[in-house]
Structure formats: structure tokens, C-alpha cells
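What follows is the content of coords.txt, which has compact mmCIF, N, CA and C atoms:
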# COMPACT_ATOMS: atom_id res chain seq x y z
N ALA A 1246 103.96 97.78 125.89
CA ALA A 1246 103.41 96.96 124.82
C ALA A 1246 101.91 96.79 125.04
N SER A 1247 101.19 96.82 123.96
CA SER A 1247 99.73 96.75 124.05
C SER A 1247 99.23 95.32 124.21
N GLY A 1248 100.08 94.35 123.90
CA GLY A 1248 99.64 92.97 123.97
C GLY A 1248 98.95 92.51 122.70
N ILE A 1249 98.73 93.44 121.78
CA ILE A 1249 98.10 93.10 120.50
C ILE A 1249 99.21 92.75 119.50
N LYS A 1250 99.03 91.61 118.85
CA LYS A 1250 100.04 91.18 117.89
C LYS A 1250 99.75 91.76 116.51
N PRO A 1251 100.81 92.03 115.73
CA PRO A 1251 100.61 92.56 114.37
C PRO A 1251 99.86 91.55 113.53
N PRO A 1252 99.16 91.91 112.49
CA PRO A 1252 99.06 93.29 111.99
C PRO A 1252 98.07 94.10 112.82
N TYR A 1253 98.32 95.39 112.91
CA TYR A 1253 97.46 96.30 113.64
C TYR A 1253 96.48 96.94 112.67
N TYR A 1254 95.27 97.13 113.09
CA TYR A 1254 94.25 97.75 112.26
C TYR A 1254 93.74 99.01 112.94
N PHE A 1255 93.63 100.07 112.18
CA PHE A 1255 93.08 101.31 112.71
C PHE A 1255 92.62 102.18 111.54
N GLN A 1256 91.71 103.07 111.82
CA GLN A 1256 91.22 104.02 110.82
C GLN A 1256 92.12 105.25 110.86
N ALA A 1257 92.49 105.74 109.68
CA ALA A 1257 93.35 106.92 109.60
C ALA A 1257 93.20 107.59 108.25
N SER A 1258 93.66 108.81 108.19
CA SER A 1258 93.76 109.54 106.92
C SER A 1258 95.23 109.68 106.59
N LEU A 1259 95.60 109.32 105.37
CA LEU A 1259 96.98 109.39 104.91
C LEU A 1259 97.16 110.67 104.10
N VAL A 1260 98.23 111.39 104.39
CA VAL A 1260 98.52 112.64 103.69
C VAL A 1260 99.84 112.48 102.95
N ARG A 1261 99.86 112.91 101.70
CA ARG A 1261 101.07 112.88 100.88
C ARG A 1261 101.36 114.31 100.43
N LEU A 1262 102.51 114.83 100.84
CA LEU A 1262 102.94 116.16 100.42
C LEU A 1262 104.16 116.00 99.53
N ASP A 1263 104.15 116.66 98.39
CA ASP A 1263 105.22 116.56 97.43
C ASP A 1263 105.53 117.97 96.91
N ILE A 1264 106.80 118.31 96.77
CA ILE A 1264 107.18 119.63 96.28
C ILE A 1264 107.16 119.64 94.76
N ASN A 1265 106.34 120.52 94.19
CA ASN A 1265 106.25 120.63 92.73
C ASN A 1265 107.57 121.10 92.14
N ARG A 1266 107.96 120.48 91.03
CA ARG A 1266 109.15 120.84 90.25
C ARG A 1266 110.46 120.67 91.04
N TYR A 1267 110.46 119.80 92.04
CA TYR A 1267 111.66 119.61 92.85
C TYR A 1267 112.82 119.11 92.01
N SER A 1268 112.58 118.13 91.16
CA SER A 1268 113.67 117.56 90.34
C SER A 1268 114.29 118.64 89.47
N GLU A 1269 113.46 119.47 88.88
CA GLU A 1269 113.96 120.57 88.04
C GLU A 1269 114.81 121.54 88.88
N MET A 1270 114.32 121.88 90.06
CA MET A 1270 115.06 122.80 90.92
C MET A 1270 116.34 122.16 91.45
N PHE A 1271 116.32 120.84 91.68
CA PHE A 1271 117.49 120.14 92.20
C PHE A 1271 118.65 120.19 91.22
N LEU A 1272 118.34 120.27 89.93
CA LEU A 1272 119.38 120.31 88.91
C LEU A 1272 119.98 121.71 88.74
N SER A 1273 119.44 122.69 89.45
CA SER A 1273 119.95 124.06 89.34
C SER A 1273 121.27 124.19 90.09
N PRO A 1274 122.01 125.27 89.84
CA PRO A 1274 123.29 125.47 90.52
C PRO A 1274 123.16 125.70 92.02
N ASN A 1275 121.98 126.05 92.52
CA ASN A 1275 121.78 126.31 93.94
C ASN A 1275 121.28 125.08 94.70
N ARG A 1276 121.76 123.94 94.32
CA ARG A 1276 121.30 122.67 94.89
C ARG A 1276 121.46 122.62 96.42
N GLU A 1277 122.59 123.09 96.94
CA GLU A 1277 122.82 123.04 98.38
C GLU A 1277 121.79 123.87 99.14
N LYS A 1278 121.47 125.05 98.62
CA LYS A 1278 120.47 125.90 99.25
C LYS A 1278 119.10 125.23 99.22
N LEU A 1279 118.77 124.59 98.10
CA LEU A 1279 117.49 123.89 97.98
C LEU A 1279 117.39 122.76 99.01
N VAL A 1280 118.44 121.99 99.15
CA VAL A 1280 118.44 120.89 100.12
C VAL A 1280 118.25 121.44 101.53
N GLN A 1281 118.90 122.54 101.85
CA GLN A 1281 118.75 123.18 103.16
C GLN A 1281 117.30 123.62 103.38
N LEU A 1282 116.69 124.24 102.36
CA LEU A 1282 115.31 124.69 102.47
C LEU A 1282 114.35 123.51 102.65
N VAL A 1283 114.58 122.44 101.91
CA VAL A 1283 113.73 121.26 102.02
C VAL A 1283 113.84 120.65 103.42
N ASN A 1284 115.05 120.58 103.94
CA ASN A 1284 115.23 120.04 105.30
C ASN A 1284 114.52 120.90 106.34
N GLU A 1285 114.59 122.22 106.19
CA GLU A 1285 113.88 123.12 107.10
C GLU A 1285 112.37 122.93 106.97
N PHE A 1286 111.89 122.76 105.73
CA PHE A 1286 110.46 122.51 105.50
C PHE A 1286 110.03 121.21 106.17
N PHE A 1287 110.84 120.16 106.02
CA PHE A 1287 110.51 118.87 106.64
C PHE A 1287 110.45 119.00 108.16
N GLN A 1288 111.40 119.72 108.75
CA GLN A 1288 111.41 119.88 110.19
C GLN A 1288 110.18 120.64 110.67
N ALA A 1289 109.85 121.74 110.00
CA ALA A 1289 108.67 122.53 110.38
C ALA A 1289 107.40 121.71 110.18
N THR A 1290 107.33 120.94 109.11
CA THR A 1290 106.17 120.10 108.83
C THR A 1290 106.02 119.03 109.91
N ALA A 1291 107.11 118.41 110.31
CA ALA A 1291 107.05 117.37 111.34
C ALA A 1291 106.50 117.94 112.65
N GLU A 1292 106.87 119.17 112.98
CA GLU A 1292 106.36 119.80 114.20
C GLU A 1292 104.85 120.01 114.11
N ILE A 1293 104.38 120.46 112.96
CA ILE A 1293 102.94 120.68 112.78
C ILE A 1293 102.19 119.36 112.80
N VAL A 1294 102.72 118.36 112.13
CA VAL A 1294 102.09 117.04 112.11
C VAL A 1294 101.92 116.52 113.54
N SER A 1295 102.92 116.71 114.37
CA SER A 1295 102.82 116.22 115.75
C SER A 1295 101.77 116.99 116.55
N LEU A 1296 101.54 118.26 116.22
CA LEU A 1296 100.49 119.03 116.90
C LEU A 1296 99.10 118.43 116.66
N TYR A 1297 98.94 117.75 115.54
CA TYR A 1297 97.67 117.12 115.19
C TYR A 1297 97.68 115.62 115.51
N ASP A 1298 98.62 115.20 116.34
CA ASP A 1298 98.78 113.79 116.69
C ASP A 1298 98.97 112.91 115.48
N GLY A 1299 99.55 113.49 114.43
CA GLY A 1299 99.87 112.72 113.25
C GLY A 1299 101.20 112.01 113.43
N LEU A 1300 101.44 111.00 112.62
CA LEU A 1300 102.68 110.24 112.68
C LEU A 1300 103.31 110.21 111.29
N ILE A 1301 104.56 110.63 111.21
CA ILE A 1301 105.29 110.59 109.95
C ILE A 1301 105.52 109.12 109.60
N TYR A 1302 105.11 108.74 108.41
CA TYR A 1302 105.35 107.37 107.95
C TYR A 1302 106.69 107.30 107.23
N GLU A 1303 106.95 108.32 106.36
CA GLU A 1303 108.14 108.22 105.54
C GLU A 1303 108.48 109.56 104.89
N PHE A 1304 109.77 109.83 104.77
CA PHE A 1304 110.28 110.90 103.93
C PHE A 1304 110.90 110.23 102.72
N ILE A 1305 110.47 110.63 101.52
CA ILE A 1305 110.99 110.03 100.29
C ILE A 1305 111.40 111.17 99.37
N GLY A 1306 112.69 111.44 99.29
CA GLY A 1306 113.15 112.54 98.45
C GLY A 1306 112.54 113.85 98.91
N ASP A 1307 111.66 114.40 98.09
CA ASP A 1307 110.99 115.67 98.43
C ASP A 1307 109.56 115.43 98.91
N GLU A 1308 109.24 114.23 99.25
CA GLU A 1308 107.87 113.86 99.62
C GLU A 1308 107.79 113.45 101.10
N ILE A 1309 106.67 113.79 101.71
CA ILE A 1309 106.39 113.37 103.08
C ILE A 1309 105.08 112.59 103.08
N LEU A 1310 105.08 111.44 103.71
CA LEU A 1310 103.86 110.67 103.93
C LEU A 1310 103.61 110.63 105.43
N TYR A 1311 102.42 111.02 105.84
CA TYR A 1311 102.07 110.91 107.25
C TYR A 1311 100.60 110.57 107.37
N TYR A 1312 100.25 110.05 108.54
CA TYR A 1312 98.85 109.73 108.76
C TYR A 1312 98.37 110.29 110.08
N VAL A 1313 97.06 110.51 110.13
CA VAL A 1313 96.39 110.98 111.33
C VAL A 1313 95.35 109.93 111.68
N LYS A 1314 95.48 109.35 112.87
CA LYS A 1314 94.56 108.30 113.29
C LYS A 1314 93.20 108.86 113.69
N GLU A 1315 92.19 108.07 113.42
CA GLU A 1315 90.82 108.36 113.86
C GLU A 1315 90.75 108.07 115.36
N ASN A 1316 90.05 108.92 116.11
CA ASN A 1316 89.81 108.62 117.51
C ASN A 1316 88.44 109.15 117.92
N ALA A 1317 88.07 108.90 119.16
CA ALA A 1317 86.73 109.26 119.62
C ALA A 1317 86.51 110.77 119.65
N GLU A 1318 87.58 111.54 119.82
CA GLU A 1318 87.45 112.99 119.94
C GLU A 1318 87.50 113.75 118.61
N SER A 1319 88.09 113.15 117.59
CA SER A 1319 88.28 113.90 116.34
C SER A 1319 88.19 113.00 115.11
N ASN A 1320 87.78 113.61 114.03
CA ASN A 1320 87.68 112.95 112.74
C ASN A 1320 89.04 113.06 112.04
N SER A 1321 89.61 111.95 111.61
CA SER A 1321 90.95 111.96 111.02
C SER A 1321 91.03 112.79 109.75
N THR A 1322 89.98 112.79 108.95
CA THR A 1322 89.99 113.56 107.71
C THR A 1322 90.03 115.06 108.01
N GLU A 1323 89.21 115.49 108.94
CA GLU A 1323 89.20 116.90 109.31
C GLU A 1323 90.54 117.33 109.91
N MET A 1324 91.11 116.48 110.74
CA MET A 1324 92.40 116.80 111.36
C MET A 1324 93.52 116.81 110.32
N ALA A 1325 93.49 115.88 109.37
CA ALA A 1325 94.51 115.85 108.32
C ALA A 1325 94.43 117.11 107.46
N LEU A 1326 93.22 117.50 107.08
CA LEU A 1326 93.06 118.72 106.29
C LEU A 1326 93.50 119.95 107.06
N ALA A 1327 93.18 120.01 108.33
CA ALA A 1327 93.61 121.14 109.16
C ALA A 1327 95.14 121.19 109.24
N SER A 1328 95.79 120.05 109.34
CA SER A 1328 97.25 120.03 109.40
C SER A 1328 97.86 120.55 108.11
N VAL A 1329 97.29 120.17 106.98
CA VAL A 1329 97.80 120.66 105.68
C VAL A 1329 97.61 122.16 105.57
N ARG A 1330 96.46 122.66 106.01
CA ARG A 1330 96.24 124.12 105.99
C ARG A 1330 97.29 124.83 106.83
N ASP A 1331 97.61 124.28 108.00
CA ASP A 1331 98.62 124.90 108.86
C ASP A 1331 100.00 124.83 108.26
N ILE A 1332 100.31 123.75 107.59
CA ILE A 1332 101.62 123.60 106.97
C ILE A 1332 101.84 124.69 105.92
N PHE A 1333 100.79 124.99 105.17
CA PHE A 1333 100.94 125.97 104.08
C PHE A 1333 100.42 127.35 104.44
N ALA A 1334 100.18 127.59 105.73
CA ALA A 1334 99.69 128.92 106.16
C ALA A 1334 100.81 129.94 106.13
Now that the file is in, can you turn its structure into C-alpha cells?
Amino acid sequence: ASGIKPPYYFQASLVRLDINRYSEMFLSPNREKLVQLVNEFFQATAEIVSLYDGLIYEFIGDEILYYVKENAESNSTEMALASVRDIFA
């Protein structure tokens, strides 16, 4: 424990990733395959986010919210953008 009581304050960049047309695709007959692909995408994304010291805040349907904290060694915005580039590489 850090000894600091909530609320905690820190600088960070928040990233929101959402799959385009997910609702439309979810209504297709291949729903099970889509759910499997989305779960695999979430798992791979979580691994990349952790490489950038990011923290997953929430999975909401087909959306992922995560943040990358600012620190003395790196700029959170640059690190967040780099993580998104790696996710879609």
C-alpha cells in the first residue's frame, strides 16, 4: 500500500478502441465466430497494452478502455499512440 488515500491523481492518456459495425456483425449467423475473434482481439490487445505499461480500465461489449500513465521516462500521449499503432500493425 502506498499510504495515499483515495482519490488518486495522476496524468495519463486514455485510449478508447471500438470495433466498427460490431452490432451489425453480431446479428449475422456467424455470431459465435465473431465472439471468438473479439475475445482473441481483446487478449492480444491486453498483451500489447501491458508492454506499454498501460492498464485496462474496462471492456464494454466490443470496446476497450485503457490508460497509459505519464512518468518521468515517457510521455503518456506518445506511448498511447505507439500502443495503438502496435495493436493495428
What parts of range 1303-1333 of chain A does DSSP call alpha helix (DSSP H)? I'd like the answer as a count of residues only.
12
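If you measure from each of A:Ala1257, A:Val1280, A:Phe1287, A:Thr1322 to Ile1309 in chain A using only N, CA and C atoms, the closest one turns out to be A:Phe1287.
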Run DSSP on the backbone of this structure and report the residues of range 1250-1283 of chain A it assigns to strand (DSSP E or B), as number ranges by chain.
A: 1257-1263
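CA of Gly1299 in chain A is positioned 21.0 Å from atom C of Ile1264 in chain A.
Non-sequential neighbours of Ile1332 in chain A (distance at most 7 Å, separation of 6 or more positions within a chain, all atoms listed in the file) are Ala1289, Thr1290 and Ile1293 of chain A.
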Mind listing as a PyMOL selection string all residues within 12 Å of (89.0, 111.7, 115.8), counting only C-alpha atoms?
chain A and resi 1255-1258+1297-1299+1313-1325
What would range 1291-1314 of chain A look like with N, CA, C and O atoms in place, written as a tab-separated table (two decimals), in the coordinates of the input?
chain	number	residue	atom	x	y	z
A	1291	ALA	N	107.11	118.41	110.31
A	1291	ALA	CA	107.05	117.37	111.34
A	1291	ALA	C	106.50	117.94	112.65
A	1291	ALA	O	105.72	117.27	113.35
A	1292	GLU	N	106.87	119.17	112.98
A	1292	GLU	CA	106.36	119.80	114.20
A	1292	GLU	C	104.85	120.01	114.11
A	1292	GLU	O	104.13	119.77	115.08
A	1293	ILE	N	104.38	120.46	112.96
A	1293	ILE	CA	102.94	120.68	112.78
A	1293	ILE	C	102.19	119.36	112.80
A	1293	ILE	O	101.14	119.23	113.43
A	1294	VAL	N	102.72	118.36	112.13
A	1294	VAL	CA	102.09	117.04	112.11
A	1294	VAL	C	101.92	116.52	113.54
A	1294	VAL	O	100.86	116.00	113.90
A	1295	SER	N	102.92	116.71	114.37
A	1295	SER	CA	102.82	116.22	115.75
A	1295	SER	C	101.77	116.99	116.55
A	1295	SER	O	101.15	116.42	117.44
A	1296	LEU	N	101.54	118.26	116.22
A	1296	LEU	CA	100.49	119.03	116.90
A	1296	LEU	C	99.10	118.43	116.66
A	1296	LEU	O	98.20	118.60	117.48
A	1297	TYR	N	98.94	117.75	115.54
A	1297	TYR	CA	97.67	117.12	115.19
A	1297	TYR	C	97.68	115.62	115.51
A	1297	TYR	O	96.85	114.87	115.00
A	1298	ASP	N	98.62	115.20	116.34
A	1298	ASP	CA	98.78	113.79	116.69
A	1298	ASP	C	98.97	112.91	115.48
A	1298	ASP	O	98.60	111.73	115.48
A	1299	GLY	N	99.55	113.49	114.43
A	1299	GLY	CA	99.87	112.72	113.25
A	1299	GLY	C	101.20	112.01	113.43
A	1299	GLY	O	102.01	112.36	114.30
A	1300	LEU	N	101.44	111.00	112.62
A	1300	LEU	CA	102.68	110.24	112.68
A	1300	LEU	C	103.31	110.21	111.29
A	1300	LEU	O	102.65	109.84	110.32
A	1301	ILE	N	104.56	110.63	111.21
A	1301	ILE	CA	105.29	110.59	109.95
A	1301	ILE	C	105.52	109.12	109.60
A	1301	ILE	O	106.05	108.36	110.41
A	1302	TYR	N	105.11	108.74	108.41
A	1302	TYR	CA	105.35	107.37	107.95
A	1302	TYR	C	106.69	107.30	107.23
A	1302	TYR	O	107.48	106.38	107.46
A	1303	GLU	N	106.95	108.32	106.36
A	1303	GLU	CA	108.14	108.22	105.54
A	1303	GLU	C	108.48	109.56	104.89
A	1303	GLU	O	107.60	110.33	104.54
A	1304	PHE	N	109.77	109.83	104.77
A	1304	PHE	CA	110.28	110.90	103.93
A	1304	PHE	C	110.90	110.23	102.72
A	1304	PHE	O	111.73	109.34	102.87
A	1305	ILE	N	110.47	110.63	101.52
A	1305	ILE	CA	110.99	110.03	100.29
A	1305	ILE	C	111.40	111.17	99.37
A	1305	ILE	O	110.55	111.83	98.77
A	1306	GLY	N	112.69	111.44	99.29
A	1306	GLY	CA	113.15	112.54	98.45
A	1306	GLY	C	112.54	113.85	98.91
A	1306	GLY	O	112.82	114.32	100.01
A	1307	ASP	N	111.66	114.40	98.09
A	1307	ASP	CA	110.99	115.67	98.43
A	1307	ASP	C	109.56	115.43	98.91
A	1307	ASP	O	108.78	116.37	98.98
A	1308	GLU	N	109.24	114.23	99.25
A	1308	GLU	CA	107.87	113.86	99.62
A	1308	GLU	C	107.79	113.45	101.10
A	1308	GLU	O	108.72	112.85	101.63
A	1309	ILE	N	106.67	113.79	101.71
A	1309	ILE	CA	106.39	113.37	103.08
A	1309	ILE	C	105.08	112.59	103.08
A	1309	ILE	O	104.09	113.05	102.50
A	1310	LEU	N	105.08	111.44	103.71
A	1310	LEU	CA	103.86	110.67	103.93
A	1310	LEU	C	103.61	110.63	105.43
A	1310	LEU	O	104.51	110.28	106.19
A	1311	TYR	N	102.42	111.02	105.84
A	1311	TYR	CA	102.07	110.91	107.25
A	1311	TYR	C	100.60	110.57	107.37
A	1311	TYR	O	99.83	110.72	106.43
A	1312	TYR	N	100.25	110.05	108.54
A	1312	TYR	CA	98.85	109.73	108.76
A	1312	TYR	C	98.37	110.29	110.08
A	1312	TYR	O	99.16	110.55	110.99
A	1313	VAL	N	97.06	110.51	110.13
A	1313	VAL	CA	96.39	110.98	111.33
A	1313	VAL	C	95.35	109.93	111.68
A	1313	VAL	O	94.48	109.62	110.86
A	1314	LYS	N	95.48	109.35	112.87
A	1314	LYS	CA	94.56	108.30	113.29
A	1314	LYS	C	93.20	108.86	113.69
A	1314	LYS	O	93.10	109.94	114.24
